[in-house]
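As stored in model22.csv (CSV, C-alpha atoms):
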```csv
chain,number,residue,atom,x,y,z
A,1,MET,CA,0.0,0.0,0.0
A,2,SER,CA,1.1,3.5,-0.8
A,3,ASN,CA,1.8,6.0,2.0
A,4,PHE,CA,0.6,8.8,-0.2
A,5,ASP,CA,-2.6,10.4,1.0
A,6,PRO,CA,-5.2,11.3,-1.6
A,7,PRO,CA,-6.6,14.8,-1.3
A,8,PHE,CA,-9.2,14.0,1.4
A,9,THR,CA,-12.1,16.4,1.7
A,10,PRO,CA,-11.8,18.3,5.1
A,11,GLU,CA,-14.5,17.7,7.6
A,12,GLY,CA,-16.6,20.7,8.9
A,13,THR,CA,-19.2,21.5,11.5
A,14,LEU,CA,-22.8,20.6,11.0
A,15,GLY,CA,-23.7,24.2,11.8
A,16,PRO,CA,-26.8,25.5,13.6
A,17,PHE,CA,-29.2,24.9,10.7
A,18,TYR,CA,-29.1,21.1,10.0
A,19,PRO,CA,-32.7,20.4,8.8
A,20,GLY,CA,-34.7,18.8,11.6
A,21,VAL,CA,-36.5,16.7,9.0
A,22,PHE,CA,-33.3,14.8,8.3
A,23,ALA,CA,-32.8,14.1,11.9
A,24,LEU,CA,-36.4,13.1,12.6
A,25,SER,CA,-37.3,11.1,9.6
A,26,GLY,CA,-35.8,8.5,7.2
A,27,LEU,CA,-33.5,6.7,9.6
A,28,PRO,CA,-34.5,4.7,12.8
A,29,HIS,CA,-34.5,6.5,16.2
A,30,ASN,CA,-34.4,3.2,18.1
A,31,LEU,CA,-32.3,0.2,17.3
A,32,ASN,CA,-34.9,-2.4,18.3
A,33,GLU,CA,-37.6,-1.1,15.9
A,34,ILE,CA,-37.9,-1.9,12.2
A,35,ALA,CA,-41.1,-0.1,11.6
A,36,PRO,CA,-44.0,1.2,13.8
A,37,ILE,CA,-46.7,-1.2,14.9
A,38,LEU,CA,-44.8,-4.1,13.4
A,39,ALA,CA,-44.8,-7.3,15.4
A,40,HIS,CA,-41.1,-8.3,15.6
A,41,ARG,CA,-38.7,-9.2,18.3
A,42,PRO,CA,-35.0,-8.8,17.8
A,43,ALA,CA,-33.1,-11.4,19.9
A,44,GLY,CA,-31.5,-10.3,23.2
A,45,GLN,CA,-32.2,-8.1,26.2
A,46,PRO,CA,-34.2,-4.9,25.5
A,47,VAL,CA,-32.5,-1.9,27.1
A,48,ARG,CA,-33.0,1.8,27.2
A,49,ILE,CA,-30.1,4.2,27.3
A,50,PHE,CA,-30.6,7.8,28.4
A,51,GLY,CA,-28.8,10.8,29.6
A,52,ARG,CA,-27.7,14.3,28.6
A,53,PHE,CA,-25.1,16.0,26.5
A,54,ILE,CA,-23.5,18.8,28.6
A,55,ASP,CA,-21.2,21.7,27.6
A,56,ALA,CA,-18.4,23.4,29.5
A,57,ASN,CA,-21.0,25.6,31.4
A,58,ARG,CA,-22.9,22.4,32.5
A,59,VAL,CA,-25.7,23.5,30.1
A,60,GLY,CA,-27.4,20.8,28.0
A,61,VAL,CA,-26.5,20.8,24.2
A,62,PRO,CA,-29.7,20.9,22.2
A,63,SER,CA,-30.2,19.7,18.6
A,64,LEU,CA,-27.1,17.5,18.8
A,65,ILE,CA,-27.1,14.5,16.5
A,66,VAL,CA,-25.9,11.1,17.7
A,67,GLU,CA,-25.6,8.1,15.4
A,68,ILE,CA,-25.4,4.8,17.2
A,69,TRP,CA,-23.9,1.6,15.8
A,70,GLN,CA,-23.5,-1.7,17.6
A,71,ALA,CA,-23.3,-5.5,17.4
A,72,ASN,CA,-26.4,-7.6,17.9
A,73,THR,CA,-26.9,-9.7,21.0
A,74,TYR,CA,-24.6,-12.4,19.7
A,75,GLY,CA,-21.8,-9.9,19.1
A,76,ARG,CA,-22.1,-9.8,15.4
A,77,TYR,CA,-22.2,-6.6,13.3
A,78,ARG,CA,-24.2,-6.3,10.1
A,79,HIS,CA,-21.0,-5.3,8.3
A,80,PRO,CA,-19.4,-6.9,5.2
A,81,LEU,CA,-16.1,-7.2,7.0
A,82,ASP,CA,-17.6,-9.1,10.0
A,83,GLN,CA,-17.1,-12.6,8.7
A,84,SER,CA,-17.4,-14.3,12.1
A,85,ALA,CA,-19.5,-17.4,12.6
A,86,LEU,CA,-21.6,-15.5,15.1
A,87,THR,CA,-25.4,-15.4,14.3
A,88,LEU,CA,-26.8,-12.5,12.3
A,89,ASP,CA,-30.3,-11.4,13.6
A,90,PRO,CA,-32.6,-10.7,10.6
A,91,GLN,CA,-34.5,-8.3,12.9
A,92,PHE,CA,-31.6,-6.2,14.0
A,93,ASP,CA,-29.6,-3.7,11.9
A,94,GLY,CA,-27.6,-2.0,14.7
A,95,PHE,CA,-28.0,1.6,13.6
A,96,ALA,CA,-30.0,4.6,14.7
A,97,ARG,CA,-29.8,8.4,14.6
A,98,ILE,CA,-31.2,10.6,17.4
A,99,ARG,CA,-31.3,14.3,18.2
A,100,THR,CA,-31.1,15.8,21.6
A,101,SER,CA,-34.0,17.8,23.1
A,102,ASP,CA,-33.9,21.4,24.1
A,103,ASP,CA,-32.3,20.5,27.4
A,104,GLY,CA,-29.7,18.3,25.9
A,105,SER,CA,-31.4,15.0,26.9
A,106,TYR,CA,-31.5,11.9,24.8
A,107,SER,CA,-33.0,8.4,25.1
A,108,PHE,CA,-33.1,5.4,22.8
A,109,SER,CA,-34.1,1.8,23.0
A,110,THR,CA,-32.0,-1.1,21.8
A,111,ILE,CA,-30.8,-4.6,22.5
A,112,LYS,CA,-27.9,-4.9,24.8
A,113,PRO,CA,-24.9,-5.7,22.4
A,114,GLY,CA,-23.0,-9.0,22.8
A,115,ALA,CA,-19.3,-9.2,23.5
A,116,HIS,CA,-17.2,-10.2,20.5
A,117,PRO,CA,-13.6,-11.1,19.6
A,118,LEU,CA,-11.6,-8.1,18.5
A,119,ARG,CA,-11.3,-9.6,15.1
A,120,ASP,CA,-12.3,-13.0,13.7
A,121,GLY,CA,-10.1,-15.6,15.4
A,122,SER,CA,-8.7,-13.2,17.9
A,123,THR,CA,-8.6,-14.3,21.6
A,124,VAL,CA,-8.9,-10.6,22.7
A,125,MET,CA,-12.5,-9.9,23.6
A,126,ARG,CA,-14.3,-6.6,23.2
A,127,ALA,CA,-16.8,-5.9,26.1
A,128,PRO,CA,-20.4,-5.1,25.0
A,129,HIS,CA,-20.4,-1.5,23.8
A,130,LEU,CA,-22.2,1.1,21.7
A,131,ARG,CA,-20.4,3.3,19.2
A,132,PHE,CA,-21.5,7.0,19.2
A,133,THR,CA,-20.8,9.4,16.3
A,134,ILE,CA,-21.6,12.9,17.4
A,135,PHE,CA,-22.4,16.1,15.3
A,136,ALA,CA,-23.4,19.5,16.5
A,137,SER,CA,-23.1,23.2,15.8
A,138,GLY,CA,-19.7,24.4,16.9
A,139,ILE,CA,-17.9,21.0,16.7
A,140,ASP,CA,-16.6,18.7,14.0
A,141,ARG,CA,-17.5,15.0,14.1
A,142,LEU,CA,-16.6,13.3,17.5
A,143,VAL,CA,-16.6,9.5,18.2
A,144,THR,CA,-16.7,7.6,21.4
A,145,GLN,CA,-17.8,4.2,22.8
A,146,ILE,CA,-20.1,3.5,25.7
A,147,PHE,CA,-19.9,0.5,28.0
A,148,PHE,CA,-22.2,-1.1,30.6
A,149,ASP,CA,-21.3,-1.2,34.3
A,150,ASP,CA,-22.5,-4.7,34.8
A,151,GLU,CA,-20.1,-6.3,32.4
A,152,THR,CA,-16.9,-8.0,33.7
A,153,LEU,CA,-15.2,-7.8,30.3
A,154,ASN,CA,-14.8,-4.1,30.8
A,155,SER,CA,-11.7,-4.7,32.9
A,156,THR,CA,-9.9,-6.3,29.9
A,157,ASP,CA,-11.5,-4.4,27.0
A,158,PRO,CA,-8.6,-3.2,24.8
A,159,VAL,CA,-10.3,0.1,23.8
A,160,LEU,CA,-11.4,1.1,27.3
A,161,ASN,CA,-7.9,0.2,28.6
A,162,CYS,CA,-6.3,2.7,26.1
A,163,ILE,CA,-7.3,5.2,28.8
A,164,ALA,CA,-4.8,5.1,31.7
A,165,ASP,CA,-6.7,6.9,34.4
A,166,PRO,CA,-9.6,4.7,35.8
A,167,SER,CA,-11.6,7.8,36.8
A,168,VAL,CA,-11.5,8.9,33.2
A,169,ARG,CA,-12.3,5.4,31.9
A,170,ASP,CA,-15.5,5.4,34.1
A,171,ARG,CA,-16.8,8.3,32.1
A,172,LEU,CA,-17.5,5.9,29.3
A,173,ILE,CA,-19.4,3.4,31.5
A,174,ALA,CA,-23.2,3.7,31.6
A,175,ARG,CA,-24.6,2.8,35.0
A,176,ARG,CA,-27.6,0.5,35.5
A,177,VAL,CA,-30.4,2.4,37.2
A,178,SER,CA,-33.0,-0.3,37.0
A,179,GLU,CA,-33.7,-3.5,35.0
A,180,GLY,CA,-32.9,-2.7,31.4
A,181,GLU,CA,-32.2,1.0,32.0
A,182,TYR,CA,-28.8,2.6,31.8
A,183,ALA,CA,-27.8,6.2,32.3
A,184,ILE,CA,-24.8,8.1,30.9
A,185,ASP,CA,-24.1,11.8,30.5
A,186,ILE,CA,-21.7,13.0,27.9
A,187,VAL,CA,-19.6,16.0,28.9
A,188,MET,CA,-18.3,17.7,25.8
A,189,ARG,CA,-15.7,19.9,27.5
A,190,GLY,CA,-14.5,20.9,30.9
A,191,GLU,CA,-14.7,19.1,34.3
A,192,GLY,CA,-15.5,15.4,33.9
A,193,GLU,CA,-14.9,15.7,30.1
A,194,THR,CA,-15.9,12.5,28.3
A,195,PRO,CA,-13.0,10.8,26.4
A,196,PHE,CA,-13.3,10.9,22.6
A,197,PHE,CA,-11.3,8.8,20.2
A,198,ASP,CA,-9.3,9.6,17.0
A,199,ASP,CA,-10.6,7.2,14.4
A,200,TRP,CA,-8.5,8.6,11.6
A,201,ALA,CA,-5.2,7.6,13.1
A,202,ARG,CA,-2.9,5.6,10.8
B,1,MET,CA,-12.2,24.1,16.1
B,2,VAL,CA,-13.5,27.5,15.2
B,3,ILE,CA,-11.9,30.1,17.4
B,4,ASN,CA,-14.6,32.8,17.2
B,5,ASP,CA,-17.6,30.6,17.7
B,6,ARG,CA,-19.2,30.7,21.1
B,7,GLU,CA,-20.6,27.2,20.8
B,8,SER,CA,-17.3,25.8,19.8
B,9,GLU,CA,-15.7,27.3,22.9
B,10,THR,CA,-18.0,25.3,25.2
B,11,ARG,CA,-18.4,22.1,23.2
B,12,THR,CA,-15.0,21.3,21.7
B,13,PRO,CA,-13.1,18.8,23.9
B,14,ALA,CA,-10.2,20.4,25.6
B,15,ARG,CA,-8.3,17.1,26.0
B,16,PRO,CA,-6.6,15.4,23.0
B,17,LEU,CA,-8.5,12.7,21.2
B,18,ILE,CA,-7.4,9.2,22.3
B,19,VAL,CA,-5.6,7.2,19.7
B,20,ILE,CA,-6.6,3.5,19.9
B,21,PRO,CA,-3.5,1.4,19.4
B,22,ALA,CA,-3.4,-0.4,16.1
B,23,GLU,CA,-3.7,-3.8,17.7
B,24,ALA,CA,-7.0,-2.8,19.4
B,25,ARG,CA,-8.7,-1.5,16.3
B,26,ASP,CA,-11.4,-3.2,14.3
B,27,PRO,CA,-12.9,-2.1,10.9
B,28,PHE,CA,-16.5,-2.2,12.0
B,29,SER,CA,-17.6,1.4,11.3
B,30,ALA,CA,-21.3,1.9,10.7
B,31,VAL,CA,-23.0,0.3,7.7
B,32,PRO,CA,-26.5,1.7,8.0
B,33,ALA,CA,-29.5,0.6,5.9
B,34,VAL,CA,-29.8,3.7,3.7
B,35,PRO,CA,-33.4,4.9,3.2
B,36,SER,CA,-35.1,5.2,-0.1
B,37,VAL,CA,-35.0,8.7,-1.6
B,38,ALA,CA,-37.6,10.0,-4.1
B,39,PRO,CA,-36.2,11.4,-7.4
B,40,HIS,CA,-37.5,14.9,-6.8
B,41,GLU,CA,-35.6,15.2,-3.5
B,42,CYS,CA,-32.4,16.2,-5.4
B,43,ASP,CA,-34.1,19.4,-6.6
B,44,LEU,CA,-34.1,22.0,-3.9
B,45,THR,CA,-35.4,24.7,-6.3
B,46,ARG,CA,-39.0,23.8,-5.7
B,47,ILE,CA,-40.6,22.8,-2.4
B,48,ALA,CA,-42.5,20.1,-4.3
B,49,PRO,CA,-42.8,19.0,-8.0
B,50,GLY,CA,-45.1,21.4,-9.9
B,51,ARG,CA,-44.7,24.3,-7.4
B,52,PRO,CA,-43.2,27.6,-8.4
B,53,GLN,CA,-39.4,28.0,-8.7
B,54,ALA,CA,-37.6,29.6,-5.8
B,55,ALA,CA,-36.1,33.1,-6.1
B,56,GLY,CA,-32.4,33.4,-7.2
B,57,ASP,CA,-30.0,31.7,-9.5
B,58,VAL,CA,-30.6,28.0,-10.2
B,59,ILE,CA,-27.4,26.0,-10.1
B,60,VAL,CA,-26.5,22.4,-10.7
B,61,ILE,CA,-23.9,20.7,-8.5
B,62,LYS,CA,-22.4,17.4,-9.8
B,63,GLY,CA,-19.7,15.3,-8.4
B,64,ARG,CA,-18.4,11.9,-7.4
B,65,ILE,CA,-17.7,10.4,-4.0
B,66,LEU,CA,-14.6,8.2,-3.6
B,67,ASP,CA,-13.3,6.4,-0.6
B,68,ALA,CA,-9.7,6.4,0.8
B,69,ASP,CA,-8.7,3.8,-1.8
B,70,LEU,CA,-10.3,6.0,-4.5
B,71,ARG,CA,-13.1,3.5,-5.1
B,72,PRO,CA,-16.5,5.0,-5.8
B,73,VAL,CA,-18.9,5.2,-2.8
B,74,ARG,CA,-22.1,3.7,-4.2
B,75,HIS,CA,-25.6,4.3,-2.9
B,76,ALA,CA,-24.5,6.7,-0.1
B,77,LEU,CA,-27.1,9.0,1.4
B,78,MET,CA,-26.2,12.7,0.7
B,79,GLU,CA,-28.2,15.2,2.7
B,80,VAL,CA,-27.7,18.8,1.4
B,81,TRP,CA,-28.9,22.1,2.9
B,82,ASN,CA,-28.2,25.8,2.1
B,83,ALA,CA,-29.5,29.3,2.7
B,84,ASN,CA,-31.8,31.0,0.2
B,85,THR,CA,-30.7,33.6,-2.2
B,86,HIS,CA,-31.0,36.3,0.5
B,87,GLY,CA,-28.9,34.3,2.9
B,88,ARG,CA,-31.6,33.0,5.2
B,89,TYR,CA,-32.3,29.4,6.2
B,90,SER,CA,-35.8,28.1,6.5
B,91,HIS,CA,-34.9,26.9,10.0
B,92,SER,CA,-36.6,28.0,13.2
B,93,GLU,CA,-33.2,28.6,14.7
B,94,ASP,CA,-32.5,31.3,12.0
B,95,ALA,CA,-35.3,33.5,13.3
B,96,SER,CA,-33.0,36.5,14.2
B,97,SER,CA,-32.0,37.0,10.5
B,98,GLN,CA,-33.1,40.2,8.9
B,99,ALA,CA,-33.0,38.5,5.5
B,100,PRO,CA,-36.4,37.5,4.0
B,101,LEU,CA,-37.7,33.9,3.8
B,102,ASP,CA,-38.6,32.6,0.4
B,103,PRO,CA,-42.0,30.8,0.5
B,104,HIS,CA,-40.9,28.7,-2.4
B,105,PHE,CA,-37.6,27.5,-0.9
B,106,TYR,CA,-37.1,25.1,2.0
B,107,GLY,CA,-33.4,24.7,1.2
B,108,PHE,CA,-32.8,21.0,1.9
B,109,GLY,CA,-32.7,17.9,-0.3
B,110,ARG,CA,-31.4,14.4,-0.5
B,111,VAL,CA,-29.8,12.2,-3.2
B,112,LEU,CA,-28.2,8.7,-3.3
B,113,THR,CA,-25.0,8.3,-5.2
B,114,ASP,CA,-25.3,6.0,-8.2
B,115,ASP,CA,-23.5,2.8,-9.1
B,116,HIS,CA,-20.4,4.7,-9.9
B,117,GLY,CA,-20.5,7.1,-6.9
B,118,PHE,CA,-21.9,10.1,-8.9
B,119,TYR,CA,-24.5,12.5,-7.8
B,120,THR,CA,-26.4,15.5,-9.2
B,121,LEU,CA,-28.3,18.2,-7.3
B,122,ARG,CA,-30.2,21.4,-8.3
B,123,THR,CA,-30.4,24.2,-5.9
B,124,ILE,CA,-30.5,28.0,-5.6
B,125,LYS,CA,-27.1,29.7,-5.2
B,126,PRO,CA,-27.1,30.7,-1.5
B,127,GLY,CA,-26.6,34.2,-0.4
B,128,ALA,CA,-24.0,35.3,2.1
B,129,TYR,CA,-25.2,36.2,5.6
B,130,MET,CA,-24.1,37.8,8.8
B,131,ALA,CA,-23.2,35.0,11.3
B,132,ARG,CA,-22.3,37.3,14.2
B,133,SER,CA,-22.9,41.0,14.1
B,134,ASP,CA,-20.8,41.6,17.3
B,135,ILE,CA,-17.6,40.7,15.5
B,136,GLY,CA,-18.8,41.5,11.9
B,137,TRP,CA,-18.5,37.9,10.8
B,138,TRP,CA,-20.1,37.1,7.4
B,139,ARG,CA,-20.5,33.6,6.1
B,140,PRO,CA,-19.7,33.4,2.4
B,141,PRO,CA,-22.2,31.5,0.2
B,142,HIS,CA,-21.8,27.8,1.0
B,143,VAL,CA,-23.7,24.5,0.7
B,144,HIS,CA,-23.7,21.9,3.6
B,145,PHE,CA,-23.2,18.2,2.8
B,146,SER,CA,-23.7,15.2,5.0
B,147,ILE,CA,-22.7,11.9,3.5
B,148,LEU,CA,-23.7,8.6,5.2
B,149,GLY,CA,-22.8,5.3,3.6
B,150,SER,CA,-21.2,1.9,3.9
B,151,GLY,CA,-18.5,2.5,6.5
B,152,ILE,CA,-18.0,6.2,5.6
B,153,ARG,CA,-19.2,9.4,7.2
B,154,LEU,CA,-18.4,13.0,6.3
B,155,VAL,CA,-20.0,16.3,7.1
B,156,THR,CA,-18.5,19.2,5.2
B,157,GLN,CA,-19.3,22.6,3.5
B,158,MET,CA,-18.8,23.5,-0.1
B,159,TYR,CA,-17.8,27.0,-1.1
B,160,PHE,CA,-17.9,28.9,-4.4
B,161,PRO,CA,-14.8,30.1,-6.2
B,162,ASP,CA,-13.9,33.8,-6.4
B,163,GLU,CA,-16.0,34.8,-3.4
B,164,PRO,CA,-14.1,37.5,-1.5
B,165,LEU,CA,-15.8,36.5,1.8
B,166,ASN,CA,-14.2,33.0,1.7
B,167,THR,CA,-10.9,34.3,3.1
B,168,GLN,CA,-12.6,36.2,5.9
B,169,ASP,CA,-14.7,33.3,7.1
B,170,TYR,CA,-13.5,31.7,10.3
B,171,ILE,CA,-15.0,28.3,9.4
B,172,HIS,CA,-13.3,28.3,6.0
B,173,MET,CA,-10.0,29.6,7.3
B,174,ILE,CA,-9.7,27.0,10.0
B,175,ILE,CA,-9.1,24.5,7.3
B,176,PRO,CA,-5.3,24.0,6.6
B,177,GLU,CA,-4.3,26.2,3.7
B,178,LEU,CA,-3.2,23.3,1.5
B,179,GLU,CA,-6.7,21.7,1.9
B,180,ARG,CA,-8.9,24.7,1.4
B,181,SER,CA,-9.2,24.3,-2.4
B,182,ARG,CA,-10.7,20.8,-1.8
B,183,VAL,CA,-13.9,22.4,-0.4
B,184,ILE,CA,-14.2,25.0,-3.3
B,185,ALA,CA,-16.4,23.9,-6.1
B,186,GLN,CA,-15.0,23.9,-9.7
B,187,VAL,CA,-16.8,26.0,-12.2
B,188,HIS,CA,-18.2,23.8,-15.0
B,189,ASP,CA,-20.2,26.6,-16.7
B,190,GLN,CA,-22.0,29.7,-15.5
B,191,HIS,CA,-24.7,27.8,-13.7
B,192,SER,CA,-23.1,24.4,-12.9
B,193,PHE,CA,-20.4,23.4,-10.6
B,194,ARG,CA,-18.4,20.2,-9.9
B,195,PHE,CA,-17.7,19.1,-6.3
B,196,ASP,CA,-15.8,15.8,-5.9
B,197,ILE,CA,-15.4,14.4,-2.4
B,198,ILE,CA,-12.8,11.9,-1.1
B,199,VAL,CA,-13.7,10.4,2.3
B,200,ARG,CA,-11.0,9.3,4.6
B,201,GLY,CA,-11.3,5.7,5.8
B,202,ARG,CA,-11.5,4.7,9.4
B,203,TYR,CA,-9.4,1.9,10.6
B,204,GLN,CA,-9.7,0.2,7.2
B,205,THR,CA,-8.8,-3.4,7.0
B,206,PRO,CA,-5.3,-3.7,5.6
B,207,LEU,CA,-5.6,-5.2,2.2
B,208,GLU,CA,-2.1,-6.2,1.3
B,209,THR,CA,-0.5,-6.5,4.7
B,210,THR,CA,-2.1,-9.1,6.9
B,211,VAL,CA,-2.2,-8.8,10.6
```
Would it be possible to restate this file's structure as structure tokens?
Amino acid sequence: MSNFDPPFTPEGTLGPFYPGVFALSGLPHNLNEIAPILAHRPAGQPVRIFGRFIDANRVGVPSLIVEIWQANTYGRYRHPLDQSALTLDPQFDGFARIRTSDDGSYSFSTIKPGAHPLRDGSTVMRAPHLRFTIFASGIDRLVTQIFFDDETLNSTDPVLNCIADPSVRDRLIARRVSEGEYAIDIVMRGEGETPFFDDWAR
Amino acid sequence: MVINDRESETRTPARPLIVIPAEARDPFSAVPAVPSVAPHECDLTRIAPGRPQAAGDVIVIKGRILDADLRPVRHALMEVWNANTHGRYSHSEDASSQAPLDPHFYGFGRVLTDDHGFYTLRTIKPGAYMARSDIGWWRPPHVHFSILGSGIRLVTQMYFPDEPLNTQDYIHMIIPELERSRVIAQVHDQHSFRFDIIVRGRYQTPLETTV
């Protein structure tokens, strides 16, 4: 492979005027729904994730867009490069797009993702996690991953353990508040700032 | 980061992004099921087929989307939005603008790239507008693009050539100088522009070197 970079198009901010109709229609808002009023049942444990996006002044960030991507309950992604023998669920795509409310809050329903080997055949396991891609006025695209506080694999997850400080690592771990309900706030900047990842690194 | 943007100051992470070590990366970036898009959605110049044409200059924007290996990005969802000819968005958040709304212009549309990664859009050439009067910041005419497809994701803004406001715009000038020309459309003729996009790959699977 060549080390020469093609002329990549620079990323930019979403700006304040992203049409609400794009955020609110066309793509799913929950990951466990295929269409309204359709009797279907993706395999796995239904869970709801909720919280707030907060800025440096501890104020909620409204109209922020989050795209969520995850494995199904068996730990399999609906992705052409996921060639593992784990089961694909015909009723689970693993993608949704949501928009925060005026107070910065968000909530979505999904199936708790399964753990999976880092790559096919790898002995390193990824703990169950959700992948967040975040867009808003004032920022360029940000990515992070959200974990669950009742999963023992967190202690050996290779992405979570990129973060040296355990108190910073904890900022990516949603806490179980009741059966099937997990809460996590995302702090964009300042005290308690959520760790974000560089997914363009070579 | 945009220096003179109040939202940026409170939302941009202060800590550096964390680089995941190569051995802990996987290539499983999102592959969403892309929704269907009606043919008329690529025409922003009318709010619906058969309705009157919006005010201003009708322009055509064509281009091609390529991935990091310069392969066409097929069937990607492009969401496009821009201000009207007076520099006003038909968005409830743009209520403070003094520029008039155009009842015949919503200013957003969608298109899917074809089998070879090409797209074509029709819109009204957007006007410039005052982004912040307290510092006299004008945004030059620009069109917003969001591209969502198989393993690729890009949000960017396209600018027009020979617009004097380009070099005074904080959002444009934050782009490294050598890369700025990549977000400026090429003139095809008086009313049509070419805007090609190359999307960086994320943790792509090595093709020739096996792990």
Within 7 Å of chain A: each chain B residue with its shortest pair, all atoms listed in the file, as CSV:
```
residue,atom,partner,partner_atom,distance
B:Met1,CA,A:Ile139,CA,6.5
B:Asp5,CA,A:Gly138,CA,6.6
B:Glu7,CA,A:Gly138,CA,4.9
B:Ser8,CA,A:Gly138,CA,4.0
B:Thr10,CA,A:Ala56,CA,4.7
B:Arg11,CA,A:Met188,CA,5.1
B:Thr12,CA,A:Ile139,CA,5.8
B:Pro13,CA,A:Arg189,CA,4.6
B:Ala14,CA,A:Arg189,CA,5.8
B:Leu17,CA,A:Phe197,CA,4.9
B:Ile18,CA,A:Phe197,CA,4.4
B:Val19,CA,A:Asp198,CA,5.2
B:Ile20,CA,A:Cys162,CA,6.3
B:Ala24,CA,A:Pro158,CA,5.6
B:Asp26,CA,A:Arg119,CA,6.5
B:Phe28,CA,A:His79,CA,6.6
B:Ala30,CA,A:Trp69,CA,5.7
B:Val31,CA,A:His79,CA,6.0
B:Pro32,CA,A:Phe95,CA,5.8
B:Pro35,CA,A:Gly26,CA,5.9
B:His91,CA,A:Phe17,CA,6.1
B:Glu93,CA,A:Phe17,CA,6.8
B:Phe108,CA,A:Pro19,CA,6.9
B:Leu154,CA,A:Glu11,CA,6.2
B:Val155,CA,A:Glu11,CA,5.7
B:Thr156,CA,A:Gly12,CA,4.4
B:Gln157,CA,A:Gly12,CA,6.3
B:Glu179,CA,A:Pro10,CA,6.9
B:Arg182,CA,A:Thr9,CA,5.8
B:Val183,CA,A:Thr9,CA,6.6
B:Ile197,CA,A:Thr9,CA,5.6
B:Ile198,CA,A:Phe8,CA,4.9
B:Val199,CA,A:Phe8,CA,5.8
B:Arg200,CA,A:Phe8,CA,6.0
B:Arg202,CA,A:Trp200,CA,5.4
B:Tyr203,CA,A:Asp199,CA,6.6
B:Glu208,CA,A:Met1,CA,6.7
```
Selection: 10 Å around A:Pro62, only C-alpha atoms, excl. self and same-chain fewer than 2 positions, as a PyMOL selection string: chain A and resi 52-54+59-60+64-65+99-106+136-137
Interatomic distance (Å, one decimal) between atom CA of B:Ser150 and atom CA of B:Ala185: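 The value is 24.6 Å.
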One-decimal distance in Å that lies between atom CA of B:Gln98 and atom CA of B:Arg122: 25.6 Å
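Proximity ranking of B:Ile135, B:Val60, B:Ala76, B:Leu66 relative to B:Gln168 places B:Ile135 first, based on only C-alpha atoms.
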